[in-house]
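> So that we are looking at the same thing, I have put the structure below in C-alpha cells.
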Amino acid sequence: MWSRQKTLEKLRAELVFLKNGGYRQNAMSPWRASFMFEDSPTCLNSSAIWPRKPCSECVLQQFIPETFLDQRIPCRYIPLNEARETVASFYRTGTQEELEAAVGKWLKATIAKLENEERDSPASDQGREVHVQAQFISPEGAAHDQEQELHVRGKLVPFD
C-alpha cells in the first residue's frame with residue numbers, strides 16, 4: 001500500500017519530530033503526557049477535529065506484527081528492538097527517556113534498512129533520467145544524417 005519512498009518520508013519526519021522534542025511539548029493537550037506515534041504528525045488521528053481514519057491506512061501498519069493488528073492502538077505494538085520491546089511495554093516498565101531512545105534507534109535502523117533496499121533494488125532505476133543516442137530512420141527506410149539525443153524520464157518510449 002505504501003511505497004518505500006513515502007514510508008521513508010514519513011519515518012524521516014517522525015525522527016525529526018522526535019529529535020526536536022515533539023513528544024516533550026504537547027501543544028494539543030498540554031495537561032497530559034504525549035503518546036508515542038499517536039501525538040505526532042505521522043498519526044492519521046492526531047487531531048481531534050479531523051474525522052477518524054482507520055489505523056490500517058497508516059504507514060506504520062507495515063511494521064506491526066499480524067497478531068497485534070486488531071489492537072485498538074496497533075502502533076504501540078511495533079517491536080522496537082531485538083528484545084521485541086514495544087511502545088506498550090515501555091509504557092508499563094520504562095521511562096519517557098528510554099522510550100524515546102528506543103524509538104529513535106528503531107527509526108534510524110528502519111530508515112537505513114529501507115534506504116539500503118531502495119539502493120539495491122532494480123526498481124529504484126525507474127525514476128532516473130536516461131540518455132539514449134539513436135539514429136532515426138524514416139518509414140521509407142532512409143536514415144537521417146543527424147543523430148538526436150532522446151531524454152526519457154522514468155518510462156520507456158517505443159520507437160515504432
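Order determines the names: the first chain of the C-alpha cells is A, the second B, and so forth; residues in each chain are numbered 1 upward, and ligands are numbered 1 upward as they are shown.
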If we count only C-alpha atoms and set the cut-off at 12 Å, which residues sit around Leu69 in chain A, ignoring sequence neighbours fewer than 3 positions away in its own chain? Please answer as a tab-separated table (two decimals) with N, CA and C atoms, in the first residue's frame.

chain	number	residue	atom	x	y	z
A	54	PRO	N	-9.16	4.80	9.73
A	54	PRO	CA	-8.72	3.51	10.26
A	54	PRO	C	-7.19	3.43	10.32
A	55	CYS	N	-6.69	2.80	11.36
A	55	CYS	CA	-5.24	2.64	11.51
A	55	CYS	C	-4.65	1.82	10.37
A	56	SER	N	-5.47	1.04	9.70
A	56	SER	CA	-4.98	0.23	8.57
A	56	SER	C	-4.46	1.11	7.43
A	57	GLU	N	-4.78	2.40	7.42
A	57	GLU	CA	-4.30	3.32	6.40
A	57	GLU	C	-2.98	4.00	6.78
A	58	CYS	N	-2.48	3.70	7.98
A	58	CYS	CA	-1.28	4.35	8.50
A	58	CYS	C	-0.02	3.70	7.94
A	60	LEU	N	2.66	3.17	9.46
A	60	LEU	CA	3.27	2.30	10.47
A	60	LEU	C	2.68	0.90	10.47
A	61	GLN	N	1.55	0.73	9.83
A	61	GLN	CA	0.85	-0.56	9.79
A	61	GLN	C	1.76	-1.69	9.32
A	62	GLN	N	2.65	-1.40	8.39
A	62	GLN	CA	3.52	-2.42	7.81
A	62	GLN	C	4.57	-2.95	8.79
A	63	PHE	N	4.73	-2.28	9.94
A	63	PHE	CA	5.72	-2.69	10.93
A	63	PHE	C	5.10	-3.39	12.14
A	64	ILE	N	3.81	-3.52	12.13
A	64	ILE	CA	3.08	-4.12	13.26
A	64	ILE	C	2.93	-5.62	13.01
A	65	PRO	N	3.32	-6.45	13.98
A	65	PRO	CA	3.11	-7.89	13.81
A	65	PRO	C	1.63	-8.20	13.62
A	66	GLU	N	1.36	-9.17	12.79
A	66	GLU	CA	-0.02	-9.52	12.44
A	66	GLU	C	-0.89	-9.79	13.67
A	72	ARG	N	-6.61	-1.83	19.61
A	72	ARG	CA	-7.22	-0.51	19.49
A	72	ARG	C	-6.21	0.52	18.98
A	73	ILE	N	-4.96	0.42	19.46
A	73	ILE	CA	-3.89	1.32	19.01
A	73	ILE	C	-2.71	0.44	18.60
A	74	PRO	N	-2.75	-0.10	17.38
A	74	PRO	CA	-1.75	-1.10	16.98
A	74	PRO	C	-0.31	-0.60	16.92
A	75	CYS	N	-0.09	0.69	16.69
A	75	CYS	CA	1.29	1.20	16.59
A	75	CYS	C	2.05	1.05	17.91
A	76	ARG	N	1.35	0.84	18.99
A	76	ARG	CA	2.00	0.62	20.29
A	76	ARG	C	2.69	-0.74	20.36
A	77	TYR	N	2.49	-1.58	19.36
A	77	TYR	CA	3.00	-2.96	19.39
A	77	TYR	C	4.07	-3.23	18.33
A	78	ILE	N	4.65	-2.19	17.78
A	78	ILE	CA	5.77	-2.34	16.85
A	78	ILE	C	6.99	-2.79	17.67
> Ranking A:Leu114, A:Leu107, A:Leu99, A:Leu44 by minimum distance to Arg12 in chain A and counting only C-alpha atoms, which one comes first?
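For Arg12 in chain A, the nearest of the candidates is A:Leu107.
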> Leu18 in chain A: which residues within 9 Å, counting only C-alpha atoms, same-chain residues fewer than 6 positions away excluded, as an MDAnalysis selection string?
chainID A and resid 24 40 100 103:104
